[in-house]
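The file run_13.cif comes next; it holds mmCIF, C-alpha atoms.
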data_final
loop_
_atom_site.group_PDB
_atom_site.id
_atom_site.type_symbol
_atom_site.label_atom_id
_atom_site.label_comp_id
_atom_site.auth_asym_id
_atom_site.auth_seq_id
_atom_site.Cartn_x
_atom_site.Cartn_y
_atom_site.Cartn_z
ATOM 1 C CA MET W 14 -40.745 -6.419 -16.339
ATOM 2 C CA ALA W 15 -43.909 -6.948 -18.388
ATOM 3 C CA VAL W 16 -42.356 -6.380 -21.806
ATOM 4 C CA PRO W 17 -39.581 -9.031 -21.552
ATOM 5 C CA LEU W 18 -42.224 -11.553 -20.505
ATOM 6 C CA VAL W 19 -44.429 -10.573 -23.431
ATOM 7 C CA LEU W 20 -41.526 -10.936 -25.857
ATOM 8 C CA GLY W 21 -40.490 -14.274 -24.396
ATOM 9 C CA LEU W 22 -43.963 -15.794 -24.579
ATOM 10 C CA ALA W 23 -44.687 -14.262 -27.971
ATOM 11 C CA SER W 24 -41.773 -16.291 -29.227
ATOM 12 C CA ARG W 25 -43.606 -19.445 -28.127
ATOM 13 C CA ALA W 26 -46.835 -18.335 -29.814
ATOM 14 C CA GLY W 27 -44.985 -17.929 -33.113
ATOM 15 C CA LEU W 28 -46.340 -14.427 -33.719
ATOM 16 C CA PRO W 29 -44.789 -12.303 -36.477
ATOM 17 C CA VAL W 30 -42.424 -9.784 -34.970
ATOM 18 C CA GLU W 31 -44.582 -6.760 -35.874
ATOM 19 C CA ARG W 32 -47.510 -8.235 -33.894
ATOM 20 C CA VAL W 33 -45.159 -8.968 -30.984
ATOM 21 C CA ASP W 34 -43.937 -5.388 -31.074
ATOM 22 C CA GLU W 35 -47.457 -3.989 -31.047
ATOM 23 C CA VAL W 36 -48.806 -6.157 -28.250
ATOM 24 C CA ALA W 37 -45.760 -5.141 -26.186
ATOM 25 C CA MET W 38 -46.534 -1.510 -27.058
ATOM 26 C CA ALA W 39 -50.146 -1.992 -25.884
ATOM 27 C CA VAL W 40 -48.990 -3.474 -22.563
ATOM 28 C CA GLU W 41 -46.542 -0.591 -22.071
ATOM 29 C CA MET W 42 -49.341 1.897 -22.698
ATOM 30 C CA LEU W 43 -51.680 0.257 -20.212
ATOM 31 C CA VAL W 44 -49.108 -0.363 -17.494
ATOM 32 C CA GLY W 45 -47.381 3.011 -17.917
ATOM 33 C CA GLU W 46 -45.010 3.771 -15.074
ATOM 34 C CA ARG W 47 -46.976 1.891 -12.443
ATOM 35 C CA ALA W 48 -44.848 0.119 -9.862
ATOM 36 C CA GLU W 49 -44.715 -3.637 -10.379
ATOM 37 C CA HIS W 50 -46.078 -4.364 -6.904
ATOM 38 C CA ASP W 51 -49.277 -2.502 -7.813
ATOM 39 C CA LEU W 52 -49.953 -4.862 -10.703
ATOM 40 C CA ARG W 53 -50.826 -8.474 -11.299
ATOM 41 C CA LEU W 54 -49.974 -9.834 -14.715
ATOM 42 C CA VAL W 55 -50.929 -13.216 -16.093
ATOM 43 C CA LEU W 56 -49.581 -14.233 -19.487
ATOM 44 C CA ARG W 57 -50.711 -17.300 -21.379
ATOM 45 C CA VAL W 58 -50.193 -18.865 -24.771
ATOM 46 C CA GLU W 59 -52.960 -20.976 -26.274
ATOM 47 C CA GLY W 60 -52.002 -22.271 -29.678
ATOM 48 C CA ALA W 61 -50.909 -19.221 -31.648
ATOM 49 C CA VAL W 62 -52.645 -16.717 -29.354
ATOM 50 C CA LEU W 63 -50.828 -14.711 -26.703
ATOM 51 C CA THR W 64 -53.003 -13.200 -23.967
ATOM 52 C CA VAL W 65 -51.884 -10.765 -21.302
ATOM 53 C CA ALA W 66 -54.261 -10.200 -18.376
ATOM 54 C CA MET W 67 -53.584 -7.228 -16.113
ATOM 55 C CA GLU W 68 -55.088 -6.263 -12.757
ATOM 56 C CA GLY W 69 -54.443 -3.004 -10.927
ATOM 57 C CA ILE W 70 -54.697 -0.584 -13.827
ATOM 58 C CA PRO W 71 -56.983 2.357 -12.999
ATOM 59 C CA ALA W 72 -60.202 2.395 -15.040
ATOM 60 C CA GLU W 73 -59.563 5.957 -16.194
ATOM 61 C CA ARG W 74 -56.215 4.918 -17.664
ATOM 62 C CA VAL W 75 -57.832 2.018 -19.481
ATOM 63 C CA GLU W 76 -60.414 4.359 -20.990
ATOM 64 C CA ARG W 77 -57.753 6.899 -21.930
ATOM 65 C CA GLN W 78 -55.769 4.300 -23.871
ATOM 66 C CA ARG W 79 -58.711 2.328 -25.273
ATOM 67 C CA SER W 80 -58.781 3.671 -28.843
ATOM 68 C CA LEU W 81 -55.036 3.127 -29.310
ATOM 69 C CA VAL W 82 -54.870 -0.295 -27.645
ATOM 70 C CA LEU W 83 -57.754 -1.519 -29.797
ATOM 71 C CA GLU W 84 -55.640 -0.857 -32.888
ATOM 72 C CA LEU W 85 -52.571 -2.592 -31.472
ATOM 73 C CA THR W 86 -54.204 -5.851 -30.413
ATOM 74 C CA ASP W 87 -56.589 -8.428 -31.852
ATOM 75 C CA ARG W 88 -58.740 -8.528 -28.729
ATOM 76 C CA PHE W 89 -59.187 -6.076 -25.872
ATOM 77 C CA ASP W 90 -61.509 -6.649 -22.917
ATOM 78 C CA ALA W 91 -61.803 -4.533 -19.784
ATOM 79 C CA ASP W 92 -64.138 -6.059 -17.250
ATOM 80 C CA GLY W 93 -64.362 -5.774 -13.488
ATOM 81 C CA GLY W 94 -60.849 -4.523 -12.892
ATOM 82 C CA THR W 95 -59.138 -6.987 -15.225
ATOM 83 C CA VAL W 96 -57.857 -5.884 -18.594
ATOM 84 C CA GLU W 97 -57.023 -8.522 -21.195
ATOM 85 C CA VAL W 98 -55.298 -8.041 -24.507
ATOM 86 C CA SER W 99 -54.591 -10.764 -27.039
ATOM 87 C CA ALA W 100 -52.708 -11.084 -30.281
ATOM 88 C CA GLY W 101 -52.550 -13.853 -32.846
ATOM 89 C CA GLY W 102 -54.809 -16.663 -33.897
ATOM 90 C CA MET A 285 -39.481 31.448 0.446
ATOM 91 C CA ARG A 286 -38.984 34.604 -1.610
ATOM 92 C CA MET A 287 -37.329 32.779 -4.531
ATOM 93 C CA GLN A 288 -40.071 30.165 -4.933
ATOM 94 C CA PRO A 289 -42.271 32.174 -7.364
ATOM 95 C CA LEU A 290 -39.237 32.907 -9.571
ATOM 96 C CA VAL A 291 -38.175 29.238 -9.605
ATOM 97 C CA SER A 292 -41.740 28.215 -10.339
ATOM 98 C CA ALA A 293 -41.905 30.638 -13.289
ATOM 99 C CA LEU A 294 -38.539 29.424 -14.612
ATOM 100 C CA ALA A 295 -39.753 25.813 -14.430
ATOM 101 C CA ASN A 296 -42.415 26.681 -17.022
ATOM 102 C CA ARG A 297 -39.645 26.953 -19.643
ATOM 103 C CA PHE A 298 -38.957 23.240 -19.237
ATOM 104 C CA ALA A 299 -42.546 22.050 -18.944
ATOM 105 C CA GLY A 300 -42.974 18.533 -20.256
ATOM 106 C CA ARG A 301 -39.275 17.702 -20.110
ATOM 107 C CA ALA A 302 -39.336 16.551 -16.485
ATOM 108 C CA SER A 303 -41.876 16.571 -13.668
ATOM 109 C CA ARG A 304 -42.741 20.015 -12.297
ATOM 110 C CA ALA A 305 -41.777 19.018 -8.734
ATOM 111 C CA ASP A 306 -38.353 17.776 -9.891
ATOM 112 C CA LEU A 307 -37.780 20.947 -11.922
ATOM 113 C CA GLN A 308 -38.592 23.158 -8.959
ATOM 114 C CA GLN A 309 -36.347 21.122 -6.710
ATOM 115 C CA ALA A 310 -33.487 21.387 -9.218
ATOM 116 C CA GLY A 311 -34.121 25.128 -9.467
ATOM 117 C CA MET A 312 -33.856 25.511 -5.694
ATOM 118 C CA VAL A 313 -30.558 23.602 -5.712
ATOM 119 C CA GLY A 314 -29.335 26.232 -8.181
ATOM 120 C CA VAL A 315 -30.588 29.024 -5.934
ATOM 121 C CA LEU A 316 -28.765 27.576 -2.908
ATOM 122 C CA ASP A 317 -25.587 27.302 -4.946
ATOM 123 C CA ALA A 318 -26.015 30.935 -5.970
ATOM 124 C CA LEU A 319 -26.575 31.926 -2.335
ATOM 125 C CA ASN A 320 -23.250 30.371 -1.320
ATOM 126 C CA ARG A 321 -21.411 32.390 -3.957
ATOM 127 C CA TYR A 322 -23.363 35.636 -3.779
ATOM 128 C CA ASP A 323 -21.753 38.964 -3.012
ATOM 129 C CA ALA A 324 -24.044 42.041 -2.630
ATOM 130 C CA ALA A 325 -21.756 43.964 -4.973
ATOM 131 C CA ARG A 326 -23.055 41.747 -7.801
ATOM 132 C CA GLY A 327 -26.476 43.393 -7.809
ATOM 133 C CA PRO A 328 -29.947 41.981 -7.030
ATOM 134 C CA PHE A 329 -29.885 38.371 -5.858
ATOM 135 C CA GLU A 330 -32.744 37.345 -8.166
ATOM 136 C CA SER A 331 -30.776 38.352 -11.267
ATOM 137 C CA TYR A 332 -27.659 36.630 -9.975
ATOM 138 C CA ALA A 333 -29.456 33.410 -9.024
ATOM 139 C CA THR A 334 -31.498 32.996 -12.211
ATOM 140 C CA PRO A 335 -28.715 31.436 -14.368
ATOM 141 C CA PHE A 336 -27.866 29.025 -11.529
ATOM 142 C CA ALA A 337 -31.481 27.875 -11.262
ATOM 143 C CA VAL A 338 -31.872 27.588 -15.039
ATOM 144 C CA GLY A 339 -28.596 25.650 -15.294
ATOM 145 C CA GLU A 340 -29.747 23.027 -12.798
ATOM 146 C CA MET A 341 -33.142 22.677 -14.516
ATOM 147 C CA LEU A 342 -31.464 22.297 -17.884
ATOM 148 C CA LYS A 343 -29.214 19.543 -16.522
ATOM 149 C CA LEU A 344 -32.271 17.735 -15.179
ATOM 150 C CA ALA A 345 -34.243 18.151 -18.423
ATOM 151 C CA ARG A 346 -31.326 16.796 -20.455
ATOM 152 C CA SER A 347 -30.848 13.765 -18.231
ATOM 153 C CA ALA A 348 -34.576 13.052 -18.216
ATOM 154 C CA SER A 349 -34.758 13.019 -22.013
ATOM 155 C CA ALA A 350 -31.542 11.066 -22.596
ATOM 156 C CA PRO A 351 -32.116 7.655 -24.173
ATOM 157 C CA LEU A 352 -31.191 4.550 -22.221
ATOM 158 C CA ARG A 353 -27.614 3.639 -22.936
ATOM 159 C CA VAL A 354 -27.527 0.404 -24.883
ATOM 160 C CA PRO A 355 -24.185 -1.498 -24.773
ATOM 161 C CA ARG A 356 -22.452 -1.882 -28.105
ATOM 162 C CA PRO A 357 -22.813 -5.688 -28.501
ATOM 163 C CA LEU A 358 -26.543 -5.323 -27.948
ATOM 164 C CA ARG A 359 -26.736 -2.454 -30.441
ATOM 165 C CA GLU A 360 -25.021 -4.663 -33.002
ATOM 166 C CA ALA A 361 -27.355 -7.566 -32.256
ATOM 167 C CA ALA A 362 -30.336 -5.216 -32.580
ATOM 168 C CA ARG A 363 -29.071 -4.059 -35.968
ATOM 169 C CA ALA A 364 -28.602 -7.669 -37.113
ATOM 170 C CA VAL A 365 -32.149 -8.453 -36.010
ATOM 171 C CA ASP A 366 -33.444 -5.404 -37.912
ATOM 172 C CA ASP A 367 -31.680 -6.608 -41.064
ATOM 173 C CA ALA A 368 -32.964 -10.150 -40.579
ATOM 174 C CA ILE A 369 -36.542 -8.914 -40.253
ATOM 175 C CA GLU A 370 -36.238 -6.990 -43.511
ATOM 176 C CA GLN A 371 -34.738 -9.998 -45.304
ATOM 177 C CA LEU A 372 -37.234 -12.525 -43.958
ATOM 178 C CA THR A 373 -40.386 -10.503 -44.512
ATOM 179 C CA GLY A 374 -42.458 -12.168 -47.200
ATOM 180 C CA PRO A 375 -43.972 -10.477 -50.259
ATOM 181 C CA ASP A 376 -47.323 -10.450 -48.415
ATOM 182 C CA GLY A 377 -45.731 -8.214 -45.754
ATOM 183 C CA ARG A 378 -45.845 -10.879 -43.051
ATOM 184 C CA GLY A 379 -42.772 -10.528 -40.883
ATOM 185 C CA PRO A 380 -40.763 -13.403 -39.407
ATOM 186 C CA THR A 381 -41.327 -14.933 -35.965
ATOM 187 C CA ILE A 382 -38.691 -14.803 -33.230
ATOM 188 C CA PRO A 383 -37.686 -18.470 -33.806
ATOM 189 C CA GLN A 384 -37.250 -17.759 -37.542
ATOM 190 C CA ILE A 385 -35.014 -14.751 -36.811
ATOM 191 C CA ALA A 386 -33.002 -16.826 -34.329
ATOM 192 C CA ALA A 387 -32.494 -19.612 -36.880
ATOM 193 C CA HIS A 388 -31.509 -17.098 -39.600
ATOM 194 C CA LEU A 389 -28.894 -15.436 -37.401
ATOM 195 C CA GLY A 390 -27.680 -18.606 -35.633
ATOM 196 C CA LEU A 391 -28.640 -17.144 -32.259
ATOM 197 C CA ASP A 392 -30.808 -18.588 -29.528
ATOM 198 C CA GLU A 393 -34.273 -17.130 -29.061
ATOM 199 C CA GLU A 394 -33.348 -15.428 -25.780
ATOM 200 C CA ALA A 395 -30.651 -13.435 -27.559
ATOM 201 C CA VAL A 396 -33.177 -12.297 -30.169
ATOM 202 C CA VAL A 397 -35.641 -11.286 -27.429
ATOM 203 C CA GLU A 398 -32.862 -9.317 -25.709
ATOM 204 C CA ALA A 399 -31.985 -7.584 -28.998
ATOM 205 C CA LEU A 400 -35.641 -6.696 -29.566
ATOM 206 C CA ARG A 401 -35.838 -5.203 -26.070
ATOM 207 C CA SER A 402 -32.730 -3.094 -26.586
ATOM 208 C CA ARG A 403 -34.093 -1.945 -29.945
ATOM 209 C CA MET A 404 -37.139 -0.582 -28.150
ATOM 210 C CA ALA A 405 -34.903 1.502 -25.884
ATOM 211 C CA MET A 406 -33.037 3.163 -28.745
ATOM 212 C CA ARG A 407 -33.874 6.727 -29.648
ATOM 213 C CA PRO A 408 -35.373 6.984 -33.144
ATOM 214 C CA MET A 409 -33.754 9.134 -35.770
ATOM 215 C CA ALA A 410 -36.079 11.689 -37.276
ATOM 216 C CA ALA A 411 -37.916 10.517 -40.354
ATOM 217 C CA GLU A 412 -37.623 12.430 -43.567
ATOM 218 C CA ASP A 413 -40.337 14.998 -43.908
ATOM 219 C CA VAL A 414 -42.865 13.546 -46.319
ATOM 220 C CA PRO A 415 -45.925 15.679 -47.110
ATOM 221 C CA LEU A 416 -49.193 14.144 -45.994
ATOM 222 C CA HIS A 417 -50.724 13.966 -49.459
ATOM 223 C CA GLU A 418 -47.759 11.903 -50.656
ATOM 224 C CA LEU A 419 -48.566 9.343 -47.971
ATOM 225 C CA GLY A 420 -51.943 8.720 -49.508
ATOM 226 C CA ALA A 421 -54.230 10.437 -47.025
ATOM 227 C CA THR A 422 -56.261 13.591 -47.568
ATOM 228 C CA SER A 423 -56.699 16.146 -44.813
ATOM 229 C CA ASP A 424 -60.430 15.271 -44.657
ATOM 230 C CA GLU A 425 -59.634 11.607 -44.063
ATOM 231 C CA ILE A 426 -57.160 12.588 -41.376
ATOM 232 C CA ALA A 427 -59.739 14.818 -39.650
ATOM 233 C CA VAL A 428 -62.274 11.961 -39.559
ATOM 234 C CA ALA A 429 -59.636 9.537 -38.293
ATOM 235 C CA GLU A 430 -58.535 11.913 -35.533
ATOM 236 C CA ALA A 431 -62.115 12.419 -34.364
ATOM 237 C CA ARG A 432 -62.555 8.647 -34.157
ATOM 238 C CA LEU A 433 -59.509 8.301 -31.938
ATOM 239 C CA GLU A 434 -61.025 10.631 -29.321
ATOM 240 C CA LEU A 435 -57.612 11.819 -28.161
ATOM 241 C CA GLY A 436 -58.737 15.434 -27.996
ATOM 242 C CA ALA A 437 -56.127 17.980 -27.009
ATOM 243 C CA ARG A 438 -53.511 15.281 -26.405
ATOM 244 C CA LEU A 439 -52.888 15.253 -30.160
ATOM 245 C CA ASP A 440 -51.991 18.950 -30.068
ATOM 246 C CA ARG A 441 -48.921 18.082 -27.971
ATOM 247 C CA LEU A 442 -47.329 16.306 -30.908
ATOM 248 C CA ASP A 443 -45.172 17.756 -33.619
ATOM 249 C CA ASP A 444 -46.418 17.328 -37.188
ATOM 250 C CA ARG A 445 -44.376 14.184 -37.872
ATOM 251 C CA SER A 446 -45.492 12.372 -34.706
ATOM 252 C CA ARG A 447 -49.103 13.386 -35.230
ATOM 253 C CA GLN A 448 -49.005 12.096 -38.765
ATOM 254 C CA LEU A 449 -47.680 8.728 -37.595
ATOM 255 C CA ILE A 450 -50.418 8.407 -34.994
ATOM 256 C CA ASP A 451 -53.017 9.347 -37.641
ATOM 257 C CA LEU A 452 -51.728 6.801 -40.151
ATOM 258 C CA ARG A 453 -51.330 3.902 -37.729
ATOM 259 C CA PHE A 454 -54.237 4.408 -35.351
ATOM 260 C CA GLY A 455 -56.603 6.682 -37.233
ATOM 261 C CA LEU A 456 -56.397 5.130 -40.697
ATOM 262 C CA GLY A 457 -55.379 1.684 -39.475
ATOM 263 C CA LEU A 458 -52.325 1.278 -41.727
ATOM 264 C CA SER A 459 -49.821 -1.329 -40.600
ATOM 265 C CA GLN A 460 -46.307 -0.346 -39.591
ATOM 266 C CA ARG A 461 -45.102 -1.995 -42.780
ATOM 267 C CA ASP A 462 -47.522 0.025 -44.935
ATOM 268 C CA ILE A 463 -46.342 3.233 -43.298
ATOM 269 C CA ALA A 464 -42.721 2.201 -43.715
ATOM 270 C CA GLY A 465 -43.290 1.614 -47.428
ATOM 271 C CA ARG A 466 -44.935 4.992 -47.902
ATOM 272 C CA MET A 467 -42.267 6.842 -45.912
ATOM 273 C CA GLY A 468 -39.334 4.963 -47.419
ATOM 274 C CA ILE A 469 -38.020 3.778 -44.042
ATOM 275 C CA SER A 470 -37.873 0.365 -42.311
ATOM 276 C CA GLN A 471 -40.695 -1.110 -40.224
ATOM 277 C CA MET A 472 -38.319 -1.064 -37.255
ATOM 278 C CA HIS A 473 -37.827 2.639 -37.715
ATOM 279 C CA VAL A 474 -41.589 3.191 -37.831
ATOM 280 C CA SER A 475 -41.910 1.179 -34.613
ATOM 281 C CA ARG A 476 -39.375 3.371 -32.814
ATOM 282 C CA LEU A 477 -40.980 6.572 -34.101
ATOM 283 C CA LEU A 478 -44.419 5.332 -32.989
ATOM 284 C CA ARG A 479 -43.120 4.521 -29.506
ATOM 285 C CA ALA A 480 -41.647 8.000 -29.235
ATOM 286 C CA ALA A 481 -44.936 9.567 -30.429
ATOM 287 C CA LEU A 482 -46.956 7.510 -27.917
ATOM 288 C CA ALA A 483 -44.579 8.529 -25.121
ATOM 289 C CA GLU A 484 -45.048 12.156 -26.116
ATOM 290 C CA LEU A 485 -48.833 11.700 -25.979
ATOM 291 C CA GLU A 486 -48.439 10.511 -22.401
ATOM 292 C CA GLN A 487 -46.339 13.450 -21.232
ATOM 293 C CA GLU A 488 -48.023 15.544 -18.529
ATOM 294 C CA HIS A 489 -48.352 19.180 -19.593
#

Have the structure of the file written as C-alpha cells, please.
Amino acid sequence: MAVPLVLGLASRAGLPVERVDEVAMAVEMLVGERAEHDLRLVLRVEGAVLTVAMEGIPAERVERQRSLVLELTDRFDADGGTVEVSAGG
Amino acid sequence: MRMQPLVSALANRFAGRASRADLQQAGMVGVLDALNRYDAARGPFESYATPFAVGEMLKLARSASAPLRVPRPLREAARAVDDAIEQLTGPDGRGPTIPQIAAHLGLDEEAVVEALRSRMAMRPMAAEDVPLHELGATSDEIAVAEARLELGARLDRLDDRSRQLIDLRFGLGLSQRDIAGRMGISQMHVSRLLRAALAELEQEH
C-alpha cells in the first residue's frame, strides 16, 4: 500500500522518475513485509520535497537498512520510533 | 515423527527459496501422499517417500519465486513509459517527472503511476556480464566501498552481478543512469536489477 501512495504523491512533488523510484525502494526496504496494521505512514509534499514518515518499524530493521537507505534518499532521520525519509528539494 | 529429520534435511536443498517452515510442511504433504500409495514390496519407505517430498518442496519453491503476473495492457503501458523516460531524459541525465511522462504519452498521471508500479513487479532479465574493470571501478575501490556499507556476510549471499550492482550504486554512489550507461542497458533495467539484488539481500538464510 505504501508504494502506490509514494508514487502518487511523488507525482505532485514533480520529482524526476529515478528519484521517485529510489524513494519508493527505500520505503519498501524499511517496511519490508510488515502487515499494514502494524504501521503508521504519513506522507507529505512541501514544495518539491516528498517526505514519508513511518512508525512501527523495529529499530534493528532501521539500523540494518541504514547504509542503503541513506544512498536512496536525500534525508533520513530515525528518532524515537519514527523514521522519516525525504527526496527532492 | 520418524520422517521429520529426513524432511528437514531435504528442506536444506531449497534454503532461501521459501521459508523453512513452509518447506517442511510441503515436504510432509509429499510424505503423506507417499504413505497413501506405499506398498511394502517397493522397498524402504524413506527411499520411496523422498521423491514425493522433494516434488512438493520444488513446487513450493517455484511458486514462491515466480514473478507477479502483470496483465498485458499494463505490460505494454510499462514499456511505453520506459521508452518515454529514455526519450525525455535530458543530456544532463535528469529524468522526466510523472506529469511530463503523462503529457508525452497522452495518458493521465494515474495511468503512469500504475504503469510504474507494474514495472516494479516485473522480473528483470539478466544483464550482460561486464567485467568490473570495464565499469570503471578497481577491486580496491570496491573493497573500500563494501566495508563502508557495513553489510557484512549479507553481501556473500549475492551472485557476482548483483553484488557488483550493489557496490556501484550504494558503495561507490553512482546513479542508476551512470550504471546504465556503463553497462549498456536502460535505467529502468538497472532499477529492476537493483530491486532484485536488494530482495536477495533480505532473504533469510

Quiz item: If we count all atoms listed in the file, which residues of chain A reach to within 9 Å of chain W? Please list them as number ranges by chain.
Solution: A: 369, 378-384, 393-394, 397-398, 400-401, 404, 432-435, 453-455, 457, 459-461, 471-472, 475, 479, 482-483, 486

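The gap separating CA of Leu452 in chain A from CA of Val428 in chain A is 11.8 Å, in Å to one decimal.
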
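In this model, the gap between CA of Gly94 in chain W and CA of Leu43 in chain W comes to 12.7 Å.
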
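As for CA of Ala364 in chain A and CA of Leu389 in chain A, they are spaced 7.8 Å apart.
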
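With only C-alpha atoms as the atoms that count, the minimum distance from Glu370 in chain A to the choices A:Ala464, A:Leu449, A:Ala480, A:Leu439 is reached by A:Ala464.
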
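Applied to this file, the PyMOL selection byres ((chain W and resi 72) around 10) selects the residues Gly69, Ile70, Pro71, Glu73, Arg74, Val75, Glu76, Arg77, Ala91, Asp92, Gly93, Gly94, Thr95 and Val96 of chain W.
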
Exercise. Around the point (-31.6, 16.7, -11.6) in the file's coordinates, collect all residues with an atom within 7 Å, using all atoms listed in the file, and return them as a ChimeraX atom specification.
Key: /A:310,340-341,343-344
